[in-house]
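Scroll down for the structure; my scribbles are underneath it.
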Amino acid sequence: YAEIGLRYSKYEEDDTQAGKSFGQSSQRYEIDVAQFHLLAPVEDNWSVALDVQWEDMSGASPWFVGESLDGDPNVVMSGASIADTRTDVSITTRYYYDRGNIGLNYTRSDEDDYESNAAGLDVAFNSEDGLTTYSAAISASADDIEPTQGNVPTSTLEDDKDMRSAWIGVSRIISKRAIVRFGLSYTYRDGFLTDPYKLNDSRPDEREEWAASVGYRRHFPNPDAALHVDYRYFDDDWGIASHTVDIAWHQGLGQHTQLIPYLRYYSQDEADFFSNRVDPSDKYYADDSRLSAFGAVTTGLRLRHDIGNWTLALSGERYTTSEDWGVFSGDESPALMKYWRYTLGFDYRFR
């Protein structure tokens, strides 16, 4: 079978709170995303996939954190200076053999101030009894950065960065209704890792990241449902550690409909150089909320419905953050975000 898919997503961040920003509340990011997917067999053992994604971004982002008259940290927004489009094109070819498959991928991403070229190779191999699958993947990317000079100054005019990553995993069928999965990954980044659009931002030019994950899948025949549970631990040499727990319930409603409520909990520690107050004696500094200590909860609902060769896909999710929800202590960033995301899509399968 060949498959064509179309998706439209709307991502919208809540305005900054007036009590945590200077002046009135400020509108943040809005992103419209359109996606196209084509998967086609070439021969009996080959397939080719094409994925194209367009993003249209607008709004404002946190510029820096300052101190209010009462001594509390408040965020200063960049103003409505963000207006950008991004195009991602990804091509994957995959070869299937008796006990597994191997895939090769190339991705090109282009936007006004950023270009990226990435390549990846992955392989999966099944044991002789078919109960265990071993997987591995490697990838690398080379990115060129040329920040646009808008309403706020940038920390560089042009630079580059690279990334290399490796992953290994194993999944095991432990009963006729349950599967467990394990994975380990390592990522190395070097080059310009500072955010050029944030005032005073200065980060190390190297970063090493490690992650370990475990997953569990179980099918329940009587309610025609499946439970998915995943846990991921992340650690890096910037001082950030994080825990992620994903829980999803895949509920069948008749032969053609599936409803999937899900919940995700995330908590991370702050980077060694994160602070809401600049210290000129520090070599590195960042007040980016994404490097702060916080906890986050995502709740969502997906719906899939088959109509002949067509599949309708709908989803909506809510993401909220708070320093109080985390398992790590640290300075609370006034720029923590909340957002809504909605998706509408169609898939069509044909010979």
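Chain labels run A, B, ... following the order of the structure tokens; each chain numbers its residues from 1, and ligands are numbered from 1 in the order shown.
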Inset, instruction - Compile the contact shell of range 165-169 of chain A as a PyMOL selection string: residues with an atom at most 12 Å away, counting only C-alpha atoms, same-chain residues fewer than 5 positions apart removed. - result: chain A and resi 118-126+132-141+180-190+207-215
Inset, instruction - Please report, as a ChimeraX atom specification, each residue of range 184-283 of chain A to which DSSP assigns strand (DSSP E) when run on this structure's backbone. - result: /A:184-191,206-220,225-236,241-253,257-268
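The space between CA of Leu303 in chain A and CA of Thr320 in chain A spans 21.8 Å.
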Considering only C-alpha atoms, return as a CSV table (one decimal) with C-alpha atoms, in the first residue's frame whatever protein or nucleic-acid residues lie within 9 Å of Arg108 in chain A, sequence-local ones (same chain, fewer than 3 positions apart) excluded.
```csv
chain,number,residue,atom,x,y,z
A,87,THR,CA,10.2,24.7,5.5
A,88,ASP,CA,11.4,21.2,6.4
A,89,VAL,CA,11.8,18.6,3.7
A,90,SER,CA,12.7,15.0,4.7
A,115,GLU,CA,19.6,26.5,7.7
A,116,SER,CA,20.1,22.9,8.7
A,117,ASN,CA,21.2,19.8,6.9
A,118,ALA,CA,20.8,16.4,8.7
A,119,ALA,CA,21.3,12.8,7.8
```
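For Thr92 in chain A, the residues within 9 Å (counting only C-alpha atoms, excluding itself and residues fewer than 6 positions away along the chain) are Ser47, Val48, Ala49, Leu50, Asp51, Gly103, Leu104, Asn105, Tyr106 and Thr107 of chain A.
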How would the residues just picked look written out with N, CA, C and O atoms as a PDB file, in the first residue's frame?
```
ATOM      1  N   SER A  47      10.885   0.930   0.152  1.00  0.00           N
ATOM      2  CA  SER A  47       9.886   1.998   0.225  1.00  0.00           C
ATOM      3  C   SER A  47      10.596   3.338   0.290  1.00  0.00           C
ATOM      4  O   SER A  47      11.754   3.423   0.714  1.00  0.00           O
ATOM      5  N   VAL A  48       9.895   4.387  -0.111  1.00  0.00           N
ATOM      6  CA  VAL A  48      10.411   5.755  -0.042  1.00  0.00           C
ATOM      7  C   VAL A  48       9.342   6.628   0.602  1.00  0.00           C
ATOM      8  O   VAL A  48       8.147   6.513   0.279  1.00  0.00           O
ATOM      9  N   ALA A  49       9.755   7.476   1.519  1.00  0.00           N
ATOM     10  CA  ALA A  49       8.829   8.388   2.194  1.00  0.00           C
ATOM     11  C   ALA A  49       9.298   9.826   2.007  1.00  0.00           C
ATOM     12  O   ALA A  49      10.493  10.114   2.101  1.00  0.00           O
ATOM     13  N   LEU A  50       8.352  10.707   1.743  1.00  0.00           N
ATOM     14  CA  LEU A  50       8.615  12.139   1.622  1.00  0.00           C
ATOM     15  C   LEU A  50       7.757  12.868   2.647  1.00  0.00           C
ATOM     16  O   LEU A  50       6.539  12.677   2.690  1.00  0.00           O
ATOM     17  N   ASP A  51       8.396  13.698   3.477  1.00  0.00           N
ATOM     18  CA  ASP A  51       7.678  14.506   4.465  1.00  0.00           C
ATOM     19  C   ASP A  51       8.073  15.970   4.264  1.00  0.00           C
ATOM     20  O   ASP A  51       9.261  16.302   4.225  1.00  0.00           O
ATOM     21  N   GLY A 103      17.005   1.907   7.326  1.00  0.00           N
ATOM     22  CA  GLY A 103      16.524   3.129   6.705  1.00  0.00           C
ATOM     23  C   GLY A 103      17.591   4.200   6.656  1.00  0.00           C
ATOM     24  O   GLY A 103      18.464   4.281   7.525  1.00  0.00           O
ATOM     25  N   LEU A 104      17.532   5.041   5.618  1.00  0.00           N
ATOM     26  CA  LEU A 104      18.443   6.155   5.440  1.00  0.00           C
ATOM     27  C   LEU A 104      17.614   7.410   5.228  1.00  0.00           C
ATOM     28  O   LEU A 104      16.684   7.421   4.414  1.00  0.00           O
ATOM     29  N   ASN A 105      17.957   8.493   5.968  1.00  0.00           N
ATOM     30  CA  ASN A 105      17.148   9.706   5.944  1.00  0.00           C
ATOM     31  C   ASN A 105      18.016  10.940   5.716  1.00  0.00           C
ATOM     32  O   ASN A 105      19.139  11.029   6.208  1.00  0.00           O
ATOM     33  N   TYR A 106      17.464  11.895   4.945  1.00  0.00           N
ATOM     34  CA  TYR A 106      18.083  13.203   4.784  1.00  0.00           C
ATOM     35  C   TYR A 106      17.011  14.267   5.004  1.00  0.00           C
ATOM     36  O   TYR A 106      15.889  14.158   4.478  1.00  0.00           O
ATOM     37  N   THR A 107      17.338  15.301   5.799  1.00  0.00           N
ATOM     38  CA  THR A 107      16.396  16.369   6.100  1.00  0.00           C
ATOM     39  C   THR A 107      17.057  17.717   5.871  1.00  0.00           C
ATOM     40  O   THR A 107      18.188  17.950   6.310  1.00  0.00           O
TER      41      THR A 107
END
```
Tell me, as an mmCIF file with N, CA, C and O atoms, in the first residue's frame, which residues lie within 10 Å of Thr156 in chain A, counting only C-alpha atoms; anything in the same chain fewer than 3 positions away does not count.
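Saved the output as selection11.cif:
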```cif
data_model
loop_
_atom_site.group_PDB
_atom_site.id
_atom_site.type_symbol
_atom_site.label_atom_id
_atom_site.label_comp_id
_atom_site.auth_asym_id
_atom_site.auth_seq_id
_atom_site.Cartn_x
_atom_site.Cartn_y
_atom_site.Cartn_z
ATOM 1 N N ILE A 145 23.645 29.669 11.204
ATOM 2 C CA ILE A 145 22.809 30.654 11.879
ATOM 3 C C ILE A 145 23.174 32.047 11.370
ATOM 4 O O ILE A 145 24.348 32.429 11.378
ATOM 5 N N GLU A 146 22.172 32.813 10.935
ATOM 6 C CA GLU A 146 22.368 34.188 10.504
ATOM 7 C C GLU A 146 21.192 35.015 11.020
ATOM 8 O O GLU A 146 20.219 35.248 10.293
ATOM 9 N N PRO A 147 21.235 35.432 12.287
ATOM 10 C CA PRO A 147 20.084 36.090 12.913
ATOM 11 C C PRO A 147 19.630 37.336 12.149
ATOM 12 O O PRO A 147 20.446 38.101 11.634
ATOM 13 N N THR A 148 18.315 37.483 12.068
ATOM 14 C CA THR A 148 17.758 38.687 11.469
ATOM 15 C C THR A 148 17.882 39.846 12.447
ATOM 16 O O THR A 148 17.743 39.677 13.653
ATOM 17 N N GLN A 149 18.126 41.027 11.927
ATOM 18 C CA GLN A 149 18.312 42.213 12.760
ATOM 19 C C GLN A 149 16.991 42.981 12.808
ATOM 20 O O GLN A 149 16.693 43.785 11.929
ATOM 21 N N PRO A 153 18.569 43.880 19.453
ATOM 22 C CA PRO A 153 19.908 43.512 18.981
ATOM 23 C C PRO A 153 20.165 42.026 19.178
ATOM 24 O O PRO A 153 19.568 41.378 20.033
ATOM 25 N N ASP A 159 27.011 32.449 12.474
ATOM 26 C CA ASP A 159 27.790 31.408 13.137
ATOM 27 C C ASP A 159 27.230 30.054 12.710
ATOM 28 O O ASP A 159 26.336 29.968 11.862
ATOM 29 N N PHE A 192 27.993 27.306 18.062
ATOM 30 C CA PHE A 192 27.287 28.435 18.650
ATOM 31 C C PHE A 192 25.970 27.938 19.245
ATOM 32 O O PHE A 192 24.976 27.762 18.541
ATOM 33 N N THR A 194 24.508 29.500 21.953
ATOM 34 C CA THR A 194 23.861 30.646 22.597
ATOM 35 C C THR A 194 22.625 31.058 21.801
ATOM 36 O O THR A 194 22.577 30.894 20.580
ATOM 37 N N ASP A 195 21.600 31.590 22.479
ATOM 38 C CA ASP A 195 20.422 32.129 21.805
ATOM 39 C C ASP A 195 20.710 33.580 21.416
ATOM 40 O O ASP A 195 20.830 34.444 22.286
ATOM 41 N N PRO A 196 20.827 33.896 20.129
ATOM 42 C CA PRO A 196 21.220 35.252 19.725
ATOM 43 C C PRO A 196 20.148 36.298 19.987
ATOM 44 O O PRO A 196 20.439 37.505 19.943
ATOM 45 N N TYR A 197 18.912 35.867 20.237
ATOM 46 C CA TYR A 197 17.814 36.814 20.424
ATOM 47 C C TYR A 197 17.540 37.133 21.892
ATOM 48 O O TYR A 197 16.544 37.770 22.203
#
```
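Going from CA of Pro221 in chain A over to CA of Pro261 in chain A, you cover 18.1 Å.
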Inset, instruction - Tell me, as a PyMOL selection string, which residues lie within 12 Å of range 292-296 of chain A, counting only C-alpha atoms; anything in the same chain fewer than 2 positions away does not count. - result: chain A and resi 238-246+263-276+285-290+298-299+318-339
Legend entry - Spatial neighbours of range 8-14 of chain A, 12 Å, only C-alpha atoms, chain gap at least 2 places, as an MDAnalysis selection string: chainID A and resid 5:6 16:18 25:37 53:61 313:321 335:346
